[in-house]
$ cat final24.cif   # mmCIF, C-alpha atoms
data_run
#
loop_
_atom_site.label_atom_id
_atom_site.label_comp_id
_atom_site.auth_asym_id
_atom_site.auth_seq_id
_atom_site.Cartn_x
_atom_site.Cartn_y
_atom_site.Cartn_z
CA LEU A 1252 136.18 143.79 -59.19
CA ILE A 1253 139.28 145.93 -59.63
CA GLY A 1254 138.13 148.13 -56.76
CA MET A 1255 137.78 145.07 -54.55
CA ILE A 1256 141.53 144.39 -54.78
CA GLY A 1257 142.32 147.35 -52.53
CA ALA A 1258 139.74 146.22 -49.97
CA ILE A 1259 141.15 142.68 -50.02
CA HIS A 1260 144.63 144.01 -49.31
CA SER A 1261 143.36 146.14 -46.42
CA ILE A 1262 141.43 143.29 -44.80
CA GLY A 1263 144.28 140.86 -45.46
CA TRP A 1264 146.74 143.19 -43.73
CA PHE A 1265 144.61 144.23 -40.74
CA PHE A 1266 142.45 141.22 -39.83
CA PRO A 1267 144.90 138.32 -39.16
CA GLN A 1268 147.24 140.26 -36.86
CA LEU A 1269 145.30 139.58 -33.67
CA LEU A 1270 145.10 135.87 -34.51
CA THR A 1271 148.91 135.58 -34.56
CA ALA A 1272 149.65 137.82 -31.55
CA LYS A 1273 149.37 134.96 -29.02
CA SER A 1274 151.97 132.87 -30.86
CA VAL A 1275 154.24 135.83 -31.54
CA ALA A 1276 154.31 136.86 -27.86
CA GLN A 1277 155.76 133.46 -26.90
CA LEU A 1278 158.69 133.58 -29.35
CA PRO A 1279 162.31 134.13 -28.25
CA ARG A 1280 163.01 135.43 -31.79
CA PHE A 1281 160.53 136.88 -34.28
CA ARG A 1282 162.62 136.48 -37.44
CA PRO A 1283 161.95 132.74 -38.03
CA MET A 1284 158.18 133.34 -38.03
CA VAL A 1285 158.59 136.42 -40.23
CA LEU A 1286 160.58 134.44 -42.80
CA LYS A 1287 158.15 131.51 -42.77
CA MET A 1288 154.98 133.59 -43.03
CA THR A 1289 156.27 136.11 -45.53
CA LEU A 1290 156.65 133.42 -48.18
CA ASN A 1291 152.84 133.54 -48.36
CA GLU A 1292 153.02 137.13 -49.63
CA ARG A 1293 155.82 136.44 -52.13
CA ILE A 1294 155.19 133.07 -53.80
CA PRO A 1295 151.68 134.05 -55.05
CA TYR A 1296 153.17 136.39 -57.68
CA PHE A 1297 154.64 133.42 -59.53
CA LEU A 1298 151.20 131.78 -59.50
CA LEU A 1299 149.69 134.99 -60.87
CA ALA A 1300 152.23 134.77 -63.69
CA LEU A 1301 151.06 131.22 -64.41
CA VAL A 1302 147.39 132.28 -64.45
CA ALA A 1303 148.22 135.22 -66.71
CA TRP A 1304 150.02 132.90 -69.14
CA LEU A 1305 147.15 130.39 -69.20
CA ALA A 1306 144.40 133.03 -69.31
CA VAL A 1307 144.77 133.38 -73.07
CA GLY A 1308 143.54 130.28 -74.84
CA VAL A 1309 143.60 127.81 -71.93
CA LEU A 1310 141.50 129.10 -69.01
CA ASN A 1311 138.08 130.60 -69.58
CA ARG A 1312 137.44 134.12 -68.33
CA GLU A 1313 135.48 133.17 -65.20
CA LEU A 1314 137.99 130.56 -64.01
CA ALA A 1315 140.90 132.95 -64.63
CA LEU A 1316 139.16 135.61 -62.51
CA ILE A 1317 138.37 133.17 -59.70
CA LEU A 1318 141.96 131.90 -59.58
CA THR A 1319 143.32 135.46 -59.70
CA PHE A 1320 141.22 136.60 -56.75
CA LEU A 1321 142.02 133.48 -54.70
CA ILE A 1322 145.73 134.14 -55.23
CA ILE A 1323 145.33 137.83 -54.36
CA MET A 1324 143.55 136.82 -51.15
CA TRP A 1325 146.38 134.38 -50.33
CA GLN A 1326 148.95 137.13 -50.90
CA ALA A 1327 147.02 139.71 -48.85
CA PHE A 1328 146.43 137.43 -45.86
CA GLY A 1329 150.05 136.28 -46.09
CA ALA A 1330 151.05 139.88 -45.43
CA GLY A 1331 148.68 140.07 -42.46
CA LEU A 1332 149.97 136.81 -40.99
CA THR A 1333 153.49 138.22 -41.19
CA ALA A 1334 152.68 141.70 -39.91
CA THR A 1335 152.58 141.17 -36.13
CA ALA A 1336 155.88 139.30 -36.02
CA TRP A 1337 157.49 141.79 -38.44
CA GLN A 1338 156.39 144.87 -36.47
CA SER A 1339 157.46 143.19 -33.22
CA MET A 1340 160.87 142.44 -34.74
CA VAL A 1341 161.29 146.02 -35.94
CA ALA A 1342 160.28 147.40 -32.54
CA LYS A 1343 162.77 145.05 -30.88
CA ILE A 1344 165.84 145.73 -33.03
CA MET A 1345 165.29 149.45 -33.74
CA PRO A 1346 166.11 152.00 -31.01
CA ASP A 1347 163.09 153.90 -29.65
CA ASN A 1348 164.18 157.16 -31.27
CA MET A 1349 164.68 155.62 -34.72
CA ARG A 1350 161.54 153.55 -35.39
CA GLY A 1351 159.66 156.32 -37.15
CA THR A 1352 162.71 157.18 -39.23
CA PHE A 1353 163.08 153.51 -40.20
CA TYR A 1354 159.44 153.11 -41.22
CA GLY A 1355 159.50 156.40 -43.08
CA THR A 1356 162.75 155.75 -44.95
CA GLN A 1357 161.73 152.18 -45.77
CA SER A 1358 158.36 153.28 -47.12
CA GLY A 1359 159.79 156.26 -49.00
CA LEU A 1360 162.40 154.17 -50.78
CA ALA A 1361 159.83 151.46 -51.50
CA ASN A 1362 157.54 154.05 -53.06
CA LEU A 1363 160.44 155.40 -55.12
CA THR A 1364 161.23 151.98 -56.55
CA GLY A 1365 157.48 151.48 -56.97
CA ILE A 1366 157.42 154.46 -59.33
CA GLY A 1367 160.17 152.77 -61.36
CA GLY A 1368 158.18 149.54 -61.31
CA ALA A 1369 155.08 151.33 -62.58
CA VAL A 1370 157.07 152.83 -65.47
CA LEU A 1371 158.62 149.46 -66.32
CA SER A 1372 155.26 147.68 -66.23
CA GLY A 1373 153.79 150.37 -68.48
CA ILE A 1374 156.55 149.81 -71.04
CA ILE A 1375 156.11 146.03 -70.89
CA LEU A 1376 152.32 146.24 -71.28
CA GLN A 1377 152.61 148.59 -74.25
CA THR A 1378 155.31 146.73 -76.16
CA LEU A 1379 154.77 143.01 -75.56
CA PRO A 1380 151.82 140.91 -76.77
CA SER A 1381 149.43 139.04 -74.47
CA PRO A 1382 149.83 136.89 -72.49
CA LEU A 1383 153.58 137.57 -72.33
CA ASP A 1384 153.08 141.14 -71.06
CA PHE A 1385 151.28 140.44 -67.77
CA THR A 1386 153.14 137.17 -67.28
CA LEU A 1387 156.50 138.98 -67.41
CA CYS A 1388 155.27 141.70 -65.02
CA PHE A 1389 154.32 139.10 -62.41
CA ILE A 1390 157.57 137.15 -62.87
CA ILE A 1391 159.69 140.28 -62.40
CA CYS A 1392 157.65 141.13 -59.30
CA GLY A 1393 158.11 137.63 -57.90
CA ILE A 1394 161.87 137.74 -58.45
CA ALA A 1395 162.09 141.14 -56.77
CA MET A 1396 160.06 139.83 -53.82
CA MET A 1397 162.45 136.89 -53.40
CA LEU A 1398 165.45 139.25 -53.52
CA SER A 1399 163.70 141.20 -50.78
CA PHE A 1400 163.30 137.94 -48.85
CA ALA A 1401 167.07 137.33 -49.06
CA PHE A 1402 167.80 140.73 -47.50
CA LEU A 1403 165.14 140.19 -44.84
CA ALA A 1404 166.85 136.91 -43.92
CA LEU A 1405 170.05 138.87 -43.15
CA THR A 1406 168.34 140.67 -40.24
CA ARG A 1407 170.16 140.11 -36.96
CA GLU A 1408 167.95 139.69 -33.91
CA PRO A 1409 169.05 138.70 -30.39
CA ALA A 1410 166.99 136.11 -28.56
CA ILE A 1411 164.90 136.99 -25.51
CA GLU A 1412 163.35 134.84 -22.82
CA PRO A 1413 159.55 135.17 -23.11
CA PRO A 1414 157.89 135.82 -19.73
CA LYS A 1415 156.41 132.71 -18.19
CA GLU A 1416 152.91 134.19 -18.09
CA MET A 1417 152.94 134.48 -21.87
CA THR A 1418 152.22 130.74 -22.15
CA MET A 1419 148.45 130.83 -21.82
CA SER A 1420 145.27 129.23 -23.05
CA TRP A 1421 143.10 130.89 -25.68
CA GLY A 1422 140.59 131.77 -22.97
CA ALA A 1423 143.25 133.53 -20.93
CA TYR A 1424 144.49 135.20 -24.12
CA TRP A 1425 141.11 136.75 -24.95
CA HIS A 1426 140.70 137.79 -21.30
CA LYS A 1427 144.07 139.57 -21.46
CA LEU A 1428 143.02 141.43 -24.60
CA MET A 1429 139.81 142.60 -22.94
CA THR A 1430 141.81 143.68 -19.87
CA ILE A 1431 144.11 145.77 -22.07
CA LEU A 1432 141.17 147.51 -23.70
CA ARG A 1433 139.41 148.06 -20.37
CA GLU A 1434 142.39 149.39 -18.42
CA ASN A 1435 144.40 151.33 -21.03
CA ALA A 1436 142.18 154.29 -21.88
CA ASN A 1437 144.97 156.03 -23.80
CA PHE A 1438 145.29 153.03 -26.11
CA ARG A 1439 141.49 152.87 -26.55
CA TRP A 1440 141.44 156.45 -27.84
CA PHE A 1441 144.26 155.59 -30.23
CA ILE A 1442 142.21 152.73 -31.67
CA VAL A 1443 139.13 154.97 -31.93
CA ALA A 1444 141.24 157.52 -33.82
CA ARG A 1445 142.51 154.88 -36.23
CA ILE A 1446 139.00 153.54 -36.84
CA ILE A 1447 137.56 157.00 -37.60
CA GLY A 1448 140.69 157.72 -39.63
CA GLN A 1449 139.51 155.16 -42.19
CA VAL A 1450 136.62 157.52 -42.91
CA GLY A 1451 139.02 160.44 -43.24
CA VAL A 1452 140.71 158.98 -46.32
CA VAL A 1453 137.75 157.55 -48.28
CA GLY A 1454 137.54 160.52 -50.61
CA ALA A 1455 140.94 159.81 -52.15
CA ALA A 1456 139.60 156.73 -53.94
CA PHE A 1457 137.35 158.99 -56.03
CA TYR A 1458 139.78 161.78 -56.93
CA THR A 1459 140.76 160.30 -60.28
CA ILE A 1460 137.26 159.47 -61.50
CA HIS A 1461 135.97 162.88 -60.33
CA VAL A 1462 138.67 164.89 -62.10
CA VAL A 1463 138.03 162.91 -65.30
CA ARG A 1464 134.22 163.09 -65.17
CA HIS A 1465 133.76 166.61 -63.82
CA PHE A 1466 136.65 168.44 -65.49
CA GLY A 1467 137.23 166.24 -68.54
CA VAL A 1468 140.93 165.74 -67.77
CA ALA A 1469 142.90 163.51 -70.14
CA GLU A 1470 144.41 160.22 -68.96
CA GLY A 1471 147.93 161.56 -69.41
CA THR A 1472 147.22 164.45 -67.05
CA VAL A 1473 145.75 162.06 -64.49
CA GLY A 1474 148.98 160.07 -64.74
CA VAL A 1475 150.98 163.20 -63.90
CA MET A 1476 148.71 163.84 -60.92
CA ALA A 1477 149.27 160.28 -59.73
CA GLY A 1478 152.99 160.93 -60.10
CA VAL A 1479 152.65 164.01 -57.89
CA LEU A 1480 150.96 161.85 -55.24
CA SER A 1481 153.75 159.24 -55.42
CA LEU A 1482 156.42 161.92 -55.17
CA ALA A 1483 154.68 163.44 -52.14
CA VAL A 1484 154.53 160.03 -50.44
CA THR A 1485 158.22 159.45 -51.16
CA VAL A 1486 159.21 162.77 -49.57
CA ALA A 1487 156.68 162.76 -46.72
CA THR A 1488 157.24 159.29 -45.25
CA PRO A 1489 160.86 159.82 -44.11
CA PHE A 1490 160.03 163.37 -43.02
CA PHE A 1491 157.12 162.32 -40.80
CA GLY A 1492 159.14 159.40 -39.45
CA TRP A 1493 161.90 161.81 -38.43
CA LEU A 1494 159.36 164.32 -37.08
CA GLY A 1495 157.71 161.66 -34.92
CA ASP A 1496 161.03 160.42 -33.54
CA ARG A 1497 162.18 163.97 -32.84
CA TYR A 1498 158.96 165.40 -31.38
CA SER A 1499 155.78 163.28 -31.26
CA HIS A 1500 154.30 160.46 -33.30
CA ARG A 1501 150.87 161.43 -32.03
CA ALA A 1502 151.32 164.95 -33.39
CA ALA A 1503 152.59 163.56 -36.71
CA PHE A 1504 149.52 161.30 -36.92
CA ALA A 1505 147.21 164.28 -36.26
CA VAL A 1506 149.00 166.43 -38.86
CA GLY A 1507 148.63 163.59 -41.36
CA MET A 1508 144.88 163.50 -40.78
CA LEU A 1509 144.63 167.29 -41.14
CA LEU A 1510 146.46 167.04 -44.46
CA ALA A 1511 144.01 164.34 -45.58
CA GLY A 1512 141.10 166.55 -44.54
CA ALA A 1513 142.57 169.55 -46.37
CA SER A 1514 143.02 167.41 -49.47
CA ALA A 1515 139.37 166.29 -49.42
CA PHE A 1516 138.06 169.79 -48.72
CA ILE A 1517 140.03 171.35 -51.59
CA ALA A 1518 138.76 168.56 -53.86
CA PHE A 1519 135.22 169.55 -52.86
CA ILE A 1520 135.63 173.29 -53.55
CA ALA A 1521 138.12 173.07 -56.46
CA PRO A 1522 136.99 175.43 -59.26
CA SER A 1523 139.30 173.86 -61.87
CA ALA A 1524 141.30 170.72 -62.57
CA GLU A 1525 144.60 172.46 -61.79
CA TRP A 1526 143.68 172.46 -58.10
CA PHE A 1527 143.91 168.69 -58.09
CA TYR A 1528 147.70 168.82 -58.30
CA LEU A 1529 147.51 170.27 -54.78
CA VAL A 1530 144.81 167.76 -53.81
CA PHE A 1531 147.00 164.81 -54.82
CA ALA A 1532 150.11 166.32 -53.23
CA LEU A 1533 148.36 166.82 -49.88
CA MET A 1534 146.95 163.28 -49.98
CA GLY A 1535 150.38 161.88 -50.74
CA ALA A 1536 151.85 163.74 -47.77
CA ALA A 1537 148.97 162.48 -45.60
CA ASN A 1538 149.61 158.91 -46.71
CA GLY A 1539 153.23 159.28 -45.66
CA ALA A 1540 152.23 160.28 -42.16
CA LEU A 1541 149.41 157.75 -41.83
CA TRP A 1542 151.66 154.82 -42.72
CA THR A 1543 154.62 155.83 -40.57
CA SER A 1544 153.22 157.36 -37.40
CA PRO A 1545 150.58 154.81 -36.26
CA MET A 1546 153.00 151.86 -36.50
CA ALA A 1547 155.70 153.70 -34.58
CA LEU A 1548 153.20 155.01 -32.03
CA ASN A 1549 151.50 151.67 -31.47
CA VAL A 1550 154.42 150.06 -29.60
CA GLU A 1551 154.79 152.99 -27.21
CA PHE A 1552 151.69 152.06 -25.20
CA CYS A 1553 153.15 148.94 -23.58
CA SER A 1554 156.16 146.96 -22.43
CA GLU A 1555 158.27 144.98 -24.89
CA SER A 1556 156.71 141.65 -23.87
CA GLU A 1557 153.16 142.91 -24.56
CA ARG A 1558 153.84 144.51 -27.95
CA PRO A 1559 152.37 141.68 -30.05
CA TYR A 1560 149.03 142.04 -28.24
CA TYR A 1561 148.90 145.78 -28.83
CA ILE A 1562 149.96 145.44 -32.46
CA GLY A 1563 147.29 142.81 -33.06
CA LEU A 1564 144.53 144.77 -31.33
CA ALA A 1565 145.30 148.04 -33.09
CA SER A 1566 145.29 146.36 -36.49
CA THR A 1567 142.43 143.86 -36.26
CA LEU A 1568 139.97 146.28 -34.62
CA VAL A 1569 140.55 148.67 -37.53
CA ALA A 1570 139.86 145.94 -40.13
CA PRO A 1571 136.03 146.16 -40.22
CA MET A 1572 136.04 149.91 -40.83
CA SER A 1573 138.74 149.58 -43.50
CA LEU A 1574 136.21 147.49 -45.45
CA ILE A 1575 132.98 149.24 -44.48
CA ALA A 1576 134.15 152.82 -45.08
CA PRO A 1577 135.08 152.44 -48.80
CA ILE A 1578 131.89 150.46 -49.55
CA ALA A 1579 129.72 153.05 -47.75
CA ALA A 1580 131.52 155.85 -49.58
CA GLY A 1581 130.89 154.10 -52.89
CA LEU A 1582 127.18 153.80 -52.13
CA LEU A 1583 127.14 157.45 -51.10
CA ALA A 1584 128.86 158.45 -54.35
CA ASP A 1585 126.31 156.49 -56.38
CA SER A 1586 123.32 157.98 -54.60
CA THR A 1587 124.33 161.61 -53.93
CA GLY A 1588 127.40 162.22 -56.09
CA ILE A 1589 131.15 161.89 -55.62
CA PRO A 1590 131.65 165.34 -53.96
CA THR A 1591 129.65 164.08 -50.96
CA THR A 1592 132.44 161.60 -50.22
CA PHE A 1593 134.87 164.53 -50.04
CA VAL A 1594 132.70 166.15 -47.36
CA LEU A 1595 132.51 162.86 -45.45
CA ALA A 1596 136.29 162.47 -45.62
CA THR A 1597 136.86 166.05 -44.43
CA VAL A 1598 134.64 165.55 -41.37
CA GLY A 1599 136.20 162.14 -40.60
CA ALA A 1600 139.71 163.55 -40.81
CA LEU A 1601 138.92 166.50 -38.53
CA ILE A 1602 137.27 164.26 -35.92
CA THR A 1603 140.28 161.92 -36.01
CA ALA A 1604 142.74 164.77 -35.55
#

$ encode --input "final24.cif" --output "structure tokens"
Amino acid sequence: LIGMIGAIHSIGWFFPQLLTAKSVAQLPRFRPMVLKMTLNERIPYFLLALVAWLAVGVLNRELALILTFLIIMWQAFGAGLTATAWQSMVAKIMPDNMRGTFYGTQSGLANLTGIGGAVLSGIILQTLPSPLDFTLCFIICGIAMMLSFAFLALTREPAIEPPKEMTMSWGAYWHKLMTILRENANFRWFIVARIIGQVGVVGAAFYTIHVVRHFGVAEGTVGVMAGVLSLAVTVATPFFGWLGDRYSHRAAFAVGMLLAGASAFIAFIAPSAEWFYLVFALMGAANGALWTSPMALNVEFCSESERPYYIGLASTLVAPMSLIAPIAAGLLADSTGIPTTFVLATVGALITA
């Protein structure tokens, strides 16, 4: 069930984007839709706090779990419903040569504060009794998300006049999407690369359990390794954003996949646990590139008026593989052993690159 949370977030982020692209493309400003939709990814944390508080002594275990997962799904799909408008807004207000730097810096700083949040939550969970511990964690998160909302509302965005042909029926909308995929071969290859790229990162989900089971590493050491990964993400995201803006987002994407493949391959051949510091560092650097470069690259395939369609297609078509790949890797790990997933990830990463 805990493992499902990551899959829910992936599907919630990727799947809804194509469903909102038609509406987004007809907007003179994207910010109002961003602000309205993003409440769906912020308010749920307060409800999680309520469930956490009631989970001890009021709600039975099954009902608490059901409510928790329904709220997590609401939060995840709220992010996906916001994503097309948000990416369109960023592409509109950021200069062409600064989008990668923006995404990279934003993600790097978010990861840095995320490290602080992880430390704070650890202190709270260790020192406070239940249900106050988890309740307070969710409340602090909700407050931080609403502070984030206040800064998002300060974004300045000039209005544009949507092209007349953007007002279309759903039938014409789906026909346009098929036309894009049929006529833009370059964009098709980009989508294929992103789909296969989901296979190239499946091994990372098993690094922690492998290093504990195979090498007998203590939990504290695993925590340090996770810290190495977070530090690598923090450094790599702004670097790859700058690299893409300066040279090529396609090249940065490919380098990110090669780093992911190198991480999985070293995990497969590692003779001792110490090698996993390098494994986690390489995966963190890969994550930095794979978050920054595809989003910046995606809007370069089309005109400004068509960006919502391309954003929606690139995200939603990746959604099935983002769910299938981790499940298939889990089945593979159960049947043939965890190292097999590292081989699968290495091959997927090389093919993507």

$ residues_around --input "final24.cif" --residues "Leu1601 (chain A)" --least-positions-apart "5" --cutoff "12 Å" --atoms "all atoms listed in the file" --output "NGL selection string"
:A and (1444 or 1447-1452 or 1504-1516 or 1594-1596)

$ resolve_selection --input "final24.cif" --expression "the PyMOL selection byres ((chain A and resi 1539-1554) around 7)" --output "mmCIF file with C-alpha atoms, in the frame of the given file"
data_model
loop_
_atom_site.group_PDB
_atom_site.id
_atom_site.type_symbol
_atom_site.label_atom_id
_atom_site.label_comp_id
_atom_site.auth_asym_id
_atom_site.auth_seq_id
_atom_site.Cartn_x
_atom_site.Cartn_y
_atom_site.Cartn_z
ATOM 1 C CA ARG A 1350 161.540 153.550 -35.390
ATOM 2 C CA GLY A 1351 159.660 156.320 -37.150
ATOM 3 C CA TYR A 1354 159.440 153.110 -41.220
ATOM 4 C CA GLY A 1355 159.500 156.400 -43.080
ATOM 5 C CA PHE A 1438 145.290 153.030 -26.110
ATOM 6 C CA VAL A 1484 154.530 160.030 -50.440
ATOM 7 C CA ALA A 1487 156.680 162.760 -46.720
ATOM 8 C CA THR A 1488 157.240 159.290 -45.250
ATOM 9 C CA PHE A 1491 157.120 162.320 -40.800
ATOM 10 C CA GLY A 1492 159.140 159.400 -39.450
ATOM 11 C CA GLY A 1495 157.710 161.660 -34.920
ATOM 12 C CA HIS A 1500 154.300 160.460 -33.300
ATOM 13 C CA ARG A 1501 150.870 161.430 -32.030
ATOM 14 C CA ALA A 1503 152.590 163.560 -36.710
ATOM 15 C CA PHE A 1504 149.520 161.300 -36.920
ATOM 16 C CA GLY A 1507 148.630 163.590 -41.360
ATOM 17 C CA GLY A 1535 150.380 161.880 -50.740
ATOM 18 C CA ALA A 1536 151.850 163.740 -47.770
ATOM 19 C CA ALA A 1537 148.970 162.480 -45.600
ATOM 20 C CA ASN A 1538 149.610 158.910 -46.710
ATOM 21 C CA GLU A 1555 158.270 144.980 -24.890
ATOM 22 C CA SER A 1556 156.710 141.650 -23.870
ATOM 23 C CA GLU A 1557 153.160 142.910 -24.560
ATOM 24 C CA ARG A 1558 153.840 144.510 -27.950
ATOM 25 C CA TYR A 1561 148.900 145.780 -28.830
ATOM 26 C CA ILE A 1562 149.960 145.440 -32.460
#

$ closest_residue --input "final24.cif" --among "A:Ala1327, A:Ala1300, A:Val1341, A:Met1349" --to "Ile1390 (chain A)" --atoms "only C-alpha atoms"
A:Ala1300

$ atom_distance --input "final24.cif" --atom1 "CA of Leu1270 (chain A)" --atom2 "CA of Ile1578 (chain A)"
24.8 Å

$ closest_residue --input "final24.cif" --among "A:Ala1404, A:Ala1604, A:Leu1278, A:Val1473" --to "Leu1290 (chain A)" --atoms "only C-alpha atoms"
A:Ala1404

$ resolve_selection --input "final24.cif" --expression "the PyMOL selection byres ((chain A and resi 1281) around 6)" --output "list of chain:residue names"
A:Arg1280, A:Arg1282, A:Pro1283, A:Met1284, A:Ala1336, A:Met1340

$ closest_residue --input "final24.cif" --among "A:Leu1564, A:Ile1366, A:Ala1576, A:Val1598" --to "Ile1442 (chain A)" --atoms "only C-alpha atoms"
A:Leu1564

$ resolve_selection --input "final24.cif" --expression "the PyMOL selection byres ((chain A and resi 1407-1410) around 6)" --output "JSON, numbers by chain"
{"A": [1279, 1280, 1406, 1411]}

$ atom_distance --input "final24.cif" --atom1 "CA of Thr1459 (chain A)" --atom2 "CA of Thr1472 (chain A)"
10.2 Å

$ residues_around --input "final24.cif" --residues "Ile1375 (chain A)" --least-positions-apart "6" --cutoff "9 Å" --atoms "only C-alpha atoms" --output "list of chain:residue names"
A:Leu1383, A:Asp1384, A:Phe1385, A:Leu1387, A:Cys1388

$ axis_aligned_box --input "final24.cif" --around "region 1518-1521 of chain A" --padding-each-side "4 Å" --output "JSON"
{"center_x": 137.0, "center_y": 170.9, "center_z": -54.7, "size_x": 11.5, "size_y": 12.7, "size_z": 11.6}

$ atom_distance --input "final24.cif" --atom1 "CA of Pro1559 (chain A)" --atom2 "CA of Lys1273 (chain A)"
7.4 Å

$ build_atoms --input "final24.cif" --residues "region 1511-1527 of chain A" --atoms "N, CA, C and O atoms" --output "tab-separated table (two decimals), keeping the file's coordinate frame"
chain	number	residue	atom	x	y	z
A	1511	ALA	N	145.03	165.10	-44.85
A	1511	ALA	CA	144.01	164.34	-45.58
A	1511	ALA	C	142.70	165.12	-45.66
A	1511	ALA	O	142.03	165.15	-46.70
A	1512	GLY	N	142.32	165.75	-44.54
A	1512	GLY	CA	141.10	166.55	-44.54
A	1512	GLY	C	141.20	167.75	-45.47
A	1512	GLY	O	140.25	168.08	-46.19
A	1513	ALA	N	142.37	168.41	-45.47
A	1513	ALA	CA	142.57	169.55	-46.37
A	1513	ALA	C	142.50	169.11	-47.83
A	1513	ALA	O	141.93	169.81	-48.68
A	1514	SER	N	143.06	167.95	-48.11
A	1514	SER	CA	143.02	167.41	-49.47
A	1514	SER	C	141.58	167.19	-49.92
A	1514	SER	O	141.18	167.60	-51.02
A	1515	ALA	N	140.77	166.57	-49.07
A	1515	ALA	CA	139.37	166.29	-49.42
A	1515	ALA	C	138.56	167.58	-49.55
A	1515	ALA	O	137.72	167.71	-50.46
A	1516	PHE	N	138.82	168.54	-48.67
A	1516	PHE	CA	138.06	169.79	-48.72
A	1516	PHE	C	138.37	170.58	-49.98
A	1516	PHE	O	137.48	171.13	-50.64
A	1517	ILE	N	139.66	170.64	-50.37
A	1517	ILE	CA	140.03	171.35	-51.59
A	1517	ILE	C	139.44	170.63	-52.81
A	1517	ILE	O	139.01	171.28	-53.77
A	1518	ALA	N	139.39	169.29	-52.77
A	1518	ALA	CA	138.76	168.56	-53.86
A	1518	ALA	C	137.29	168.93	-53.99
A	1518	ALA	O	136.75	169.02	-55.10
A	1519	PHE	N	136.65	169.19	-52.86
A	1519	PHE	CA	135.22	169.55	-52.86
A	1519	PHE	C	134.99	170.94	-53.44
A	1519	PHE	O	134.02	171.16	-54.19
A	1520	ILE	N	135.85	171.90	-53.13
A	1520	ILE	CA	135.63	173.29	-53.55
A	1520	ILE	C	136.40	173.66	-54.81
A	1520	ILE	O	136.24	174.77	-55.32
A	1521	ALA	N	137.23	172.74	-55.33
A	1521	ALA	CA	138.12	173.07	-56.46
A	1521	ALA	C	137.34	173.63	-57.65
A	1521	ALA	O	136.45	172.96	-58.17
A	1522	PRO	N	137.69	174.85	-58.12
A	1522	PRO	CA	136.99	175.43	-59.26
A	1522	PRO	C	137.52	174.96	-60.61
A	1522	PRO	O	136.87	175.15	-61.64
A	1523	SER	N	138.72	174.33	-60.61
A	1523	SER	CA	139.30	173.86	-61.87
A	1523	SER	C	140.16	172.63	-61.61
A	1523	SER	O	140.53	172.33	-60.46
A	1524	ALA	N	140.52	171.95	-62.70
A	1524	ALA	CA	141.30	170.72	-62.57
A	1524	ALA	C	142.68	170.97	-62.01
A	1524	ALA	O	143.27	170.09	-61.35
A	1525	GLU	N	143.24	172.17	-62.24
A	1525	GLU	CA	144.60	172.46	-61.79
A	1525	GLU	C	144.74	172.34	-60.27
A	1525	GLU	O	145.82	172.03	-59.76
A	1526	TRP	N	143.64	172.58	-59.57
A	1526	TRP	CA	143.68	172.46	-58.10
A	1526	TRP	C	143.97	171.04	-57.65
A	1526	TRP	O	144.42	170.84	-56.51
A	1527	PHE	N	143.73	170.08	-58.50
A	1527	PHE	CA	143.91	168.69	-58.09
A	1527	PHE	C	145.39	168.28	-58.00
A	1527	PHE	O	145.70	167.24	-57.41
